[in-house]
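Q: Right, I'll just put the structure down here and ask away after.
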There are 4 protein chains.
Amino acid sequence: MREECGIIGVYGVESASELAHVGLHALQHRGQESAGIVASDGSEIQSVKGLGLLSEAIDASDLQDLPGHLAIGHTRYSTTGSKRVQNIQPLVIEYSEGIVAVGHNGNLSNAKELRNRYQSKGAIFQTSSDSELIVHLLADPDWEPGSDPLAEALRRVEGAYSLVMMDSDQLIAARDPHGFRPLSLGRLDDGYMVASETCAFDLLEADEVREIEPGEIVRINENGVTSSRIVEKSRCKPAMCIFEYIYFARPDSIMGGQSVHATRLKLGEKLAENHPVDADLVTSVPDSGNSAALGYARASGIPPDSGFIRNHYVGRTFITPAEEARASKVKIKLNVVKDVVEGQRVIVVDDSIVRGTTSRERIHTLREVGAEEVHLRISAPPIRCPCYFGIDFAHEDELIAANRSVEEIRDFLGVDTLGYQTLEGLMESVPGCGENYCRACFTGDYPVEVEQDMHKYALEAQRG
Amino acid sequence: MREECGIIGVYGVESASELAHVGLHALQHRGQESAGIVASDGSEIQSVKGLGLLSEAIDASDLQDLPGHLAIGHTRYSTTGSKRVQNIQPLVIEYSEGIVAVGHNGNLSNAKELRNRYQSKGAIFQTSSDSELIVHLLADPDWEPGSDPLAEALRRVEGAYSLVMMDSDQLIAARDPHGFRPLSLGRLDDGYMVASETCAFDLLEADEVREIEPGEIVRINENGVTSSRIVEKSRCKPAMCIFEYIYFARPDSIMGGQSVHATRLKLGEKLAENHPVDADLVTSVPDSGNSAALGYARASGIPPDSGFIRNHYVGRTFITPAEEARASKVKIKLNVVKDVVEGQRVIVVDDSIVRGTTSRERIHTLREVGAEEVHLRISAPPIRCPCYFGIDFAHEDELIAANRSVEEIRDFLGVDTLGYQTLEGLMESVPGCGENYCRACFTGDYPVEVEQDMHKYALEAQRG
Amino acid sequence: MREECGIIGVYGVESASELAHVGLHALQHRGQESAGIVASDGSEIQSVKGLGLLSEAIDASDLQDLPGHLAIGHTRYSTTGSKRVQNIQPLVIEYSEGIVAVGHNGNLSNAKELRNRYQSKGAIFQTSSDSELIVHLLADPDWEPGSDPLAEALRRVEGAYSLVMMDSDQLIAARDPHGFRPLSLGRLDDGYMVASETCAFDLLEADEVREIEPGEIVRINENGVTSSRIVEKSRCKPAMCIFEYIYFARPDSIMGGQSVHATRLKLGEKLAENHPVDADLVTSVPDSGNSAALGYARASGIPPDSGFIRNHYVGRTFITPAEEARASKVKIKLNVVKDVVEGQRVIVVDDSIVRGTTSRERIHTLREVGAEEVHLRISAPPIRCPCYFGIDFAHEDELIAANRSVEEIRDFLGVDTLGYQTLEGLMESVPGCGENYCRACFTGDYPVEVEQDMHKYALEAQRG
Amino acid sequence: MREECGIIGVYGVESASELAHVGLHALQHRGQESAGIVASDGSEIQSVKGLGLLSEAIDASDLQDLPGHLAIGHTRYSTTGSKRVQNIQPLVIEYSEGIVAVGHNGNLSNAKELRNRYQSKGAIFQTSSDSELIVHLLADPDWEPGSDPLAEALRRVEGAYSLVMMDSDQLIAARDPHGFRPLSLGRLDDGYMVASETCAFDLLEADEVREIEPGEIVRINENGVTSSRIVEKSRCKPAMCIFEYIYFARPDSIMGGQSVHATRLKLGEKLAENHPVDADLVTSVPDSGNSAALGYARASGIPPDSGFIRNHYVGRTFITPAEEARASKVKIKLNVVKDVVEGQRVIVVDDSIVRGTTSRERIHTLREVGAEEVHLRISAPPIRCPCYFGIDFAHEDELIAANRSVEEIRDFLGVDTLGYQTLEGLMESVPGCGENYCRACFTGDYPVEVEQDMHKYALEAQRG
């Protein structure tokens, strides 16, 4: 389960590229497969890009080649095994009005249709990135004179997009009318910044100003900050991805006015209310289950403990097939603390179950060292439908909850009891009105219509 | 604060080098600066070595060049900025009896004297590693005929050594008479393994047999496992490093018959007993403070919460000096969850304080976001003296507790109250008798006499 | 002085990507800054790309991910200091008709105008490569139904292009109506190949069939080889780059029906006829002057000798500024054989003079070791005008012959006599009619009209 | 066929490490598998080392960490496939007198005996390098008080050694009493340098002072240059490697008072005298056969031409086994110029034949393109015996001339005639008395006694 991107933009401070670089570290959890930074000194636009973690993709010494007061940055994951250097964002593209750079988090739901439409008009595509499509729309010569081409462009795309863009002297941030993906505005000394999550603000000692609104375009240049609308606010139907609260966002980020940690605590409390069980201890699957496990423990009064220990040094380890047979990467990453669980009735709190195979392996290890009972509690409801707005879940037929009952899943995982979050519990736990979130992965009710065969751009097949 | 090494040995299974490689992943926390594996098929000895994390130092595909049923491995840190490839362990050395490979965890306290003595006899040194010195002793032609040269050699060295060694058909493990550094024996299918910590056994589904005893040499070959003594057991004075429990070892490792996690829980409970304070929540400094914070919360009844979030993606990030001015690596690694601590009376549980500068920065961040009170509790007593047995603390004049009272430290850190573990509390928390541990970093009472100017080998100055 | 590219295409043999990879080695002299290979198995198109020499850019083991009977490859140089990964060719682009991959050698002379025209129609550009522009034209939806879009596209571009293209089941090769850059067709077992130079055929034991004609498009697919025309043959005015014979092409390549070596021999003979001088020996500046020096020696009867020795190990060496002050890269690459030239009257034969600074340094070294007389003979006429068709000479104001007389150049270089090839001598030496070659760098008579400000695409400024 | 090393030393100039670095470029042909530089500022000794070509092994920016007026450097090859980082020279070793660094070119013939002797005294070995052995001797505590330990040490070793050594304030150069390997002293501004070949002097604008004499130790320090003897001059029997003239040395190096090129010219002339044949042209196998081919042409009056073209871009290319089947690395490196040789009677001049397989492949290619007759002339006599003094020929049973007559070799190679240099021709061509050279590879008369099983150090088997 991987999300597509972290985005950042910095305006109005010296060495903006260095701030973007530091800030991207706080967004590394949103994408580890490539990174890029683009900067401008008001005339020339420069960029550095590379594959891998930020520390691998960008050499800090390269930043001296990126002077200027304006920069955007991006971290992304790429599809399995792909080393397509073309897809590294931000894209830097020349069109009739000059050069524009774009970094995108999300997934457009009418991309294929638009792609076909523009291809039939002669457009060519070098990446499978939606950023490229957005620039095609931006560059469309048919927009009414006097109109705002970016707004016009964004009115035509559907689905999820949080965008940072820049030309040589302006930073632009935009968020789709549903606000699927997060994006916030911060104040930084004499300047401004935008970022996917506020944890990037904390790192740079920026103050959060507010979230970019669904349907809003914010432009930051020498005249300050101006806001315009893609769609009238009254016509925006907020549908922020509720999974950001469950899994993606960092617990220390502020979303919806409170820390993601606080929301996850509530998720754990709800689980305790709805799926109580008599047990000796509550353990999380670290780190994503930590907050909810704490909430479960608080609400249930059952003591929290550390049944699992995560090995944080092995993010990108490669082992041989023979090695894999002996010790899977699941085991390298997570070990059980035997004397915590041996002979105990253990409640395990995890964030979600996608395919179920990893969970089963973890549960198996608990059993091996002698856990007497294992009760699994999941912060999310059963994931039954694919996401078309930026989360790369497994295909539908691989989602364990798509085709099995909770009892069947319980049996597959080998736990004594299994308690999923209810949809209501989830909606009551998130900030604001639960209706204002996209819950399609649980319900199948997609906020926008979805094309057949999304994700099937021909270029995706390529390597390089 | 860094420890020197993780060591592993595997005997009696096919592709022993692959098992050593997998197992080293579980010891990565004991050294991230270089790694090496040596293997034998009974006749030829092969090795691979490299700088960096295991995933950087050793390419899994190289392991096919290391066939055989016998392998040892090592992870180490190197001194600041050093890229001395010569120092990567295990060392592979030829002497009169053939080839021997050695991996060492610890620090000899009479190394300089022995080095001088052997140099005066014509010995030459290519590394600053104690492993090299040990082989010089092993190769000494003056041992009595019929004696065990390794035992004789080890009787001459003083200080800390947990060793894995091998020749072409035998695995050897040895531990100094004080048992400063951990080393355990495990059973693996038809074979055996040794490792610094039992978490490496878990990964390979080996069963722990027992700890290698202080003063013991264990040899594993086609005739099975045999044990001999460096020093009579009755003359061994156990002095295992108590800091392994406080900081170094992984919580899931079994040491002294129980998980390190369980010991740390007790450390937290003791802290709560000895330094109670009225507060709203207990937070750890993750991850090293997690278990003790849980213990504190349990004993005090004050709810645990997550005041800090660690960014696990930024282990080895380099940022520019200009970037450092804006956001130190401390901040990149650890952020505060604002709404957990804002307006709250916060108890922070950390493992230890070395220089105090990192702690101060973290406390400062808590204050910035509005913590009303900050009460710092430290699992360890004040560190007042350098370690000469394998821990690279700061120099004595940099140890904040060497020259300041607790009240002065409290003032320096900017906390409302500061509570260190008492030495008694520590001794009561660890498994077995508290007297059986080295506590010299707290007391200055070194279990063995220490040379002047330890660590000052001329070769250390080199780079390369 | 650098040319832009080497191109190759392979059709109809198993593992076409491997043949393309081997064959690119023979084209490495045409571009050392990046390399790429694209392959198809009839359905899926895969690619690998990288920066640097072929051995750095492409790992031979990657080729197993590029199965299929069809492949194209490209080597290129990039502008100084640029690491723009986007510009690595072949480009792989999706348009309305599917996916097409393009590798290009040459330089379009109306690129800016076309770029502007397409930008005004909404086109966007991600590279500064002419390949991208060509695909924009190919994808233009306004071509007449029933027309050949590629032919239509190529009719609109002016300047130099030798192209290899492919879709999933067809290899295409095309050459501009002037035939500026070389491109040949070869027969390979059951298949075919195309390459910039025939030395790539020799390596793969392919037989040369013929040169692709100026103005010709060759398509190779399961129906065999078909040829069509961009422009009627009668309307093609051949203007192949005469500099290929002087400098770029490998001596062992067949061009115009004979080896480039044979042509260079004649150039040397012509020089001897037109600029005789009494001297003791003839030496080349290796390796590009070797053939002409031999020709000069033959025609003059003055013995050839090796006055200079080239150090072939230092292609891409970086030395510090302090080092540069002491020993320039010119000296690292070329040393004088003292006892060959000391006290001698030396004729030095070089291929051409661009800025004159490197030549001067070499001559200076000859003088230092005691050459009595130095007579410089140049295979090419004076280079007075920039090339807009694929050679990256210095800017016009840096071309020493643009603004100085031969006597002034002689004085600047510090030689006793200086003899350039005459234009007539050059035209008489190359195969076929001398009028059929582009000689614009010597005469300023460009075969096609040239835009102002060529090479000034905005994206060129970028790094990344 | 590979030689072991190039060595360099610089004393008395600022940034000596940078000069050593530049100078090593001129010695790159003597070893491409690793490189190292050690420098001293009079107190501290620093080093950088790495695998690969100089440009890969040492980053020019590292040199700023190597300040001081004194430096030595080394390039070496390593045994096939070995990545043993321990063996990279110069070795830096601490012994009773301090730190010493050593770079070595050559091969000791009594290494095994000495190694055994020292091992029996307790010495340990970490490398298979003779440098390590030499330091063991240097560090021997049993040298008479008042004696020169280095001279004593070198009196005990037999075989080939040209050495550069340094401690913190002194540069030392030494050459074995036979002078197997070259070593020259040069004057450099206010300082001095030593190098394997004088081409390194040219690059740094140093003047050659003289060759280090066989049996001489030269020490350079603040008191200037002093010379001492390992063995009385009268007792030295010069036996410089005659193969340096045939193959190893760069043609522009001065050896024996004249350029190596001049000697090779004579070798070619001798060949023409002793093996005349009627033919149309003489071609070399570039580059090592160039000078001799020129000499052959001169003496025979048969015109020189370029039958082969070398691809200098493919030094370290890796191709897949499938690729190898189609185009061997021999073909990638060397192509035939078809119209030079087609229908011609061709004399091919090569430096030597080791196994004969490469030669056969090259001859085969000539035949394929239609050479009517092929007459092979070899600058060296038949190589019948292995070298124990620094050249890594094939094993004896792989030397084609060890077991076959010239006629059998001619038949194996598929040439019309085959003419080897006579031993007399060789001895008459080299500077000075032919008796003063080691010719053992041709005659089996080794200047010093050779141990059984040389090269068989146990550590050689290792990788890493």
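Following the order of the structure tokens, chains are lettered A, B, ..., residues in each are numbered from 1, and ligands are numbered from 1.
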Would you mind listing what lies within 10 Å of region 142-147 of chain C as an mmCIF file with C-alpha atoms, in the first residue's frame, with only C-alpha atoms counted and same-chain residues fewer than 5 positions away left out?

A:
data_model
loop_
_atom_site.group_PDB
_atom_site.id
_atom_site.type_symbol
_atom_site.label_atom_id
_atom_site.label_comp_id
_atom_site.auth_asym_id
_atom_site.auth_seq_id
_atom_site.Cartn_x
_atom_site.Cartn_y
_atom_site.Cartn_z
ATOM 1 C CA SER A 120 -6.477 13.131 -31.023
ATOM 2 C CA LYS A 121 -5.550 16.812 -31.222
ATOM 3 C CA GLY A 122 -1.904 15.871 -31.686
ATOM 4 C CA LEU C 137 4.878 16.658 -36.129
ATOM 5 C CA GLU C 152 4.557 14.584 -43.941
ATOM 6 C CA ALA C 153 6.276 15.381 -40.680
#

Q: Chain C residues within 8 Å of chain D, counting only C-alpha atoms: which ones, as a compact mmCIF listing (two decimals) with C-alpha atoms, in the first residue's frame?

A:
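This went into selection_7.txt:
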# COMPACT_ATOMS: atom_id res chain seq x y z
CA GLU C 18 21.72 -7.29 -26.98
CA LEU C 19 22.81 -6.74 -30.55
CA VAL C 22 27.06 -4.57 -28.62
CA HIS C 25 30.07 0.08 -28.57
CA ALA C 26 31.20 0.74 -32.13
CA GLN C 28 30.70 5.22 -28.66
CA HIS C 29 33.01 7.74 -30.36
CA SER C 55 29.40 0.77 -19.74
CA ALA C 60 24.43 -5.60 -19.39
CA SER C 61 22.19 -7.50 -16.98
CA CYS C 199 31.90 -0.28 -38.13
CA ASP C 202 31.53 -5.34 -38.71
CA LEU C 203 31.21 -5.93 -35.00
CA LEU C 204 27.98 -7.88 -35.44
CA PRO C 251 38.54 5.24 -40.00
CA ASP C 252 37.30 1.68 -40.43
CA SER C 253 33.79 2.76 -41.41
CA GLN C 258 35.47 3.38 -49.29
CA SER C 259 36.92 3.43 -45.82
CA HIS C 261 40.81 5.89 -43.61
CA ALA C 262 41.30 5.84 -47.38
CA SER C 291 45.61 8.48 -41.54
CA LEU C 294 50.46 8.61 -43.28
CA ARG C 298 53.63 8.72 -48.49
CA PRO C 303 59.47 9.40 -43.12
CA PRO C 304 56.57 9.04 -40.71
CA ASP C 305 57.34 8.87 -37.01
CA SER C 306 55.52 9.08 -33.69
CA PHE C 308 53.21 12.29 -29.85
CA ILE C 309 51.90 9.50 -27.64
CA ASN C 311 47.31 8.32 -23.03
CA HIS C 312 44.15 6.40 -23.71
CA TYR C 313 43.30 5.79 -20.07
CA VAL C 314 42.25 9.32 -19.26
CA ARG C 316 37.03 11.37 -18.24
CA THR C 317 39.52 12.39 -15.62
CA PHE C 318 38.79 15.21 -13.23
CA ILE C 319 41.67 17.11 -11.76
CA THR C 320 41.63 19.99 -9.31
CA ALA C 322 45.56 23.53 -8.69
CA GLU C 323 46.45 20.42 -10.62
CA ARG C 326 50.46 22.44 -13.37
CA ALA C 327 49.45 19.93 -15.97
CA LYS C 331 49.22 17.28 -21.44
CA ILE C 332 47.71 14.35 -19.59
CA ASN C 335 52.96 13.62 -24.51
CA VAL C 336 55.87 14.23 -26.85
CA VAL C 337 58.49 11.60 -27.61
CA LYS C 338 61.52 13.73 -26.99
CA ASP C 339 64.16 11.93 -29.00
CA VAL C 340 61.91 11.72 -32.02

Q: Given only C-alpha atoms as the basis, pick out the residue of B:Ser234, B:Thr443, B:Ser228, B:Gln89 nearest to His104 (chain B).

A: B:Gln89

Q: From the DSSP assignment of the backbone, select every residue of region 238-398 of chain C that is strand (DSSP E or B), and format the answer as a count of residues only.

A: 32

Q: Find the residue from B:Ile212, B:Val85, B:Ala293, B:Val102 that sits nearest to Gly36 (chain D); use only C-alpha atoms when measuring.

A: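 Checking each candidate against Gly36 (chain D), we get B:Val85 as the closest.
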
Q: Excluding same-chain residues fewer than 3 positions from Ala57 (chain C), what lies within 9 Å of it counting only C-alpha atoms, as a PyMOL selection string?

A: chain C and resi 33-36+48-54

Q: Keeping only C-alpha atoms, write those residues as a PDB file, in the first residue's frame.

A:
ATOM      1  CA  GLU C  33      27.450  11.431 -22.269  1.00  0.00           C
ATOM      2  CA  SER C  34      24.435   9.142 -22.227  1.00  0.00           C
ATOM      3  CA  ALA C  35      23.075   6.009 -23.817  1.00  0.00           C
ATOM      4  CA  GLY C  36      19.739   4.303 -24.190  1.00  0.00           C
ATOM      5  CA  VAL C  48      16.849   1.316 -20.376  1.00  0.00           C
ATOM      6  CA  LYS C  49      18.726   4.575 -20.236  1.00  0.00           C
ATOM      7  CA  GLY C  50      21.542   6.164 -18.316  1.00  0.00           C
ATOM      8  CA  LEU C  51      24.186   8.850 -18.148  1.00  0.00           C
ATOM      9  CA  GLY C  52      27.807   8.343 -19.115  1.00  0.00           C
ATOM     10  CA  LEU C  53      29.605   5.874 -21.309  1.00  0.00           C
ATOM     11  CA  LEU C  54      27.698   2.820 -22.440  1.00  0.00           C
TER      12      LEU C  54
END

Q: Tell me, as a compact mmCIF listing (two decimals) with C-alpha atoms, in the first residue's frame, which residues lie within 8 Å of region 389-398 of chain D, counting only C-alpha atoms; anything in the same chain fewer than 5 positions away does not count.

A:
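Output saved as result23.txt:
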# COMPACT_ATOMS: atom_id res chain seq x y z
CA MET D 1 49.39 -10.04 -19.75
CA ARG D 2 49.55 -7.50 -17.00
CA GLU D 3 52.24 -5.90 -14.97
CA GLU D 4 51.78 -5.17 -11.36
CA ASN D 105 56.33 -2.73 -8.20
CA GLY D 106 57.74 -6.18 -8.77
CA ASN D 107 57.61 -9.61 -7.26
CA LEU D 108 59.87 -11.14 -4.67
CA SER D 109 61.21 -14.54 -5.51
CA GLY D 159 63.60 -10.82 -6.81
CA ALA D 160 62.12 -7.68 -8.22
CA PHE D 180 64.26 -5.59 -12.64
CA VAL D 354 51.28 -15.18 -25.03
CA ARG D 355 48.51 -17.73 -25.45
CA ARG D 384 58.52 -19.95 -23.18
CA ASN D 403 55.20 -26.41 -25.99

Q: Need the shell around region 358-364 of chain A: protein/DNA/RNA residues with any atom at most 7 Å away, counting only C-alpha atoms. Skip same-chain ones fewer than 2 positions apart. Format as JSON, numbers by chain?

A: {"A": [330, 356, 366, 367, 368, 413, 414]}

Q: Now that the selection is made, can you save its residues with N, CA and C atoms as a PDB file, in the first residue's frame?

A:
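So selection-v8.pdb came out as:
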ATOM      1  N   VAL A 330       9.213  -9.561   6.010  1.00  0.00           N
ATOM      2  CA  VAL A 330       8.286  -9.260   7.109  1.00  0.00           C
ATOM      3  C   VAL A 330       8.977  -9.531   8.446  1.00  0.00           C
ATOM      4  N   GLY A 356      -3.858  -9.239   3.467  1.00  0.00           N
ATOM      5  CA  GLY A 356      -3.978 -10.163   4.588  1.00  0.00           C
ATOM      6  C   GLY A 356      -2.768 -11.061   4.780  1.00  0.00           C
ATOM      7  N   LEU A 366       3.347 -14.556  16.461  1.00  0.00           N
ATOM      8  CA  LEU A 366       2.834 -14.440  17.833  1.00  0.00           C
ATOM      9  C   LEU A 366       2.469 -15.805  18.392  1.00  0.00           C
ATOM     10  N   ARG A 367       1.804 -16.581  17.558  1.00  0.00           N
ATOM     11  CA  ARG A 367       1.384 -17.911  17.994  1.00  0.00           C
ATOM     12  C   ARG A 367       2.601 -18.771  18.304  1.00  0.00           C
ATOM     13  N   GLU A 368       3.590 -18.684  17.424  1.00  0.00           N
ATOM     14  CA  GLU A 368       4.793 -19.508  17.580  1.00  0.00           C
ATOM     15  C   GLU A 368       5.459 -19.306  18.935  1.00  0.00           C
ATOM     16  N   LEU A 413      -6.614 -15.452   8.855  1.00  0.00           N
ATOM     17  CA  LEU A 413      -5.514 -14.853   9.613  1.00  0.00           C
ATOM     18  C   LEU A 413      -5.113 -15.696  10.817  1.00  0.00           C
ATOM     19  N   GLY A 414      -6.022 -16.539  11.245  1.00  0.00           N
ATOM     20  CA  GLY A 414      -5.716 -17.400  12.385  1.00  0.00           C
ATOM     21  C   GLY A 414      -5.792 -16.687  13.716  1.00  0.00           C
TER      22      GLY A 414
END

Q: What is the distance between CA of Val349 (chain A) and CA of Gln421 (chain A), in Å to one decimal?

A: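 These two atoms are separated by 10.8 Å.
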
Q: Report the residues of region 383-441 of chain D whose backbone DSSP state falls under helix (DSSP H, G or I), written as a PyMOL selection string.

A: chain D and resi 396-398+400-403+406-413+423-429+434-436+440-441

Q: Can you tell me, as a list in words, what residues are no more than 9 Å from Val10 (chain D) when counting only C-alpha atoms, ignoring any on the same chain fewer than 3 positions away?

A: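 Near neighbours after the sequence-gap exclusion: Val13, Ala16, Ser17, Leu19, Ala20, His69, Leu70, Ala71, Ile72, Gly73, Leu171, Leu188, Gly191, Tyr192, Met193, Val194 and Ala195 of chain D.
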
Q: Write a file of the just-selected residues containing C-alpha atoms, as a PDB file, in the first residue's frame.

A:
ATOM      1  CA  VAL D  13      56.484  20.913  -3.051  1.00  0.00           C
ATOM      2  CA  ALA D  16      52.478  16.947  -3.005  1.00  0.00           C
ATOM      3  CA  SER D  17      49.422  14.692  -3.094  1.00  0.00           C
ATOM      4  CA  LEU D  19      51.239  16.197  -7.982  1.00  0.00           C
ATOM      5  CA  ALA D  20      51.288  12.518  -7.173  1.00  0.00           C
ATOM      6  CA  HIS D  69      54.921  18.380   1.022  1.00  0.00           C
ATOM      7  CA  LEU D  70      55.410  14.637   0.793  1.00  0.00           C
ATOM      8  CA  ALA D  71      53.364  12.000  -0.998  1.00  0.00           C
ATOM      9  CA  ILE D  72      53.592   8.617  -2.643  1.00  0.00           C
ATOM     10  CA  GLY D  73      51.156   6.952  -5.009  1.00  0.00           C
ATOM     11  CA  LEU D 171      60.641  10.001   0.840  1.00  0.00           C
ATOM     12  CA  LEU D 188      60.790  19.322  -9.619  1.00  0.00           C
ATOM     13  CA  GLY D 191      61.627  19.424  -4.829  1.00  0.00           C
ATOM     14  CA  TYR D 192      62.135  15.968  -6.175  1.00  0.00           C
ATOM     15  CA  MET D 193      60.090  13.169  -7.520  1.00  0.00           C
ATOM     16  CA  VAL D 194      60.542   9.509  -8.352  1.00  0.00           C
ATOM     17  CA  ALA D 195      58.440   7.498 -10.752  1.00  0.00           C
TER      18      ALA D 195
END

Q: Could you work out how far CA of Ile400 (chain D) lies from CA of Val430 (chain D), giving the answer in Å with one decimal?

A: 24.7 Å

Q: With a distance cut-off of 12 Å and only C-alpha atoms, select the neighbouring residues of Ser131 (chain A), excluding the residue or stretch itself and same-chain residues fewer than 6 positions from it, and output the selection as a compact mmCIF listing (two decimals) with C-alpha atoms, in the first residue's frame.

A:
# COMPACT_ATOMS: atom_id res chain seq x y z
CA CYS A 5 3.55 11.77 -3.45
CA HIS A 74 8.39 16.34 -4.88
CA GLN A 86 11.16 10.32 -17.11
CA ASN A 87 8.50 10.06 -14.43
CA ILE A 88 10.49 11.74 -11.69
CA GLN A 89 8.65 14.90 -10.64
CA PRO A 90 8.44 17.89 -10.65
CA LEU A 91 8.15 17.87 -14.42
CA VAL A 92 9.67 20.92 -16.10
CA ILE A 93 7.88 21.76 -19.30
CA VAL A 100 6.34 25.70 -15.93
CA ALA A 101 7.23 23.10 -13.35
CA VAL A 102 4.61 20.85 -11.77
CA GLY A 103 4.52 18.44 -8.88
CA HIS A 104 1.39 16.42 -8.33
CA ASN A 105 -0.10 14.30 -5.58
CA GLY A 106 -3.21 12.39 -6.50
CA ASN A 107 -4.72 10.63 -9.44
CA LEU A 108 -7.03 11.99 -12.09
CA ALA A 111 -7.12 11.11 -17.32
CA ARG A 115 -5.37 11.94 -22.76
CA PHE A 125 3.05 12.04 -23.88
CA LEU A 137 -4.57 21.43 -20.59
CA LEU A 138 -2.81 24.52 -19.33
CA ALA A 153 -7.49 23.47 -17.18
CA LEU A 154 -8.31 22.31 -13.68
CA VAL A 157 -9.77 17.38 -14.87
CA ALA A 160 -7.57 13.93 -7.04
CA TYR A 161 -4.92 16.56 -7.37
CA SER A 162 -2.95 18.56 -4.93
CA LEU A 163 -0.53 20.55 -7.01
CA VAL A 164 2.52 22.72 -6.58
CA MET A 165 3.52 24.64 -9.66
CA ILE C 124 4.34 21.21 -24.61
CA GLN C 126 9.97 18.44 -21.93

Q: In Å, how far is it from CA of Ser288 (chain D) to CA of Asp350 (chain D)?

A: 7.1 Å
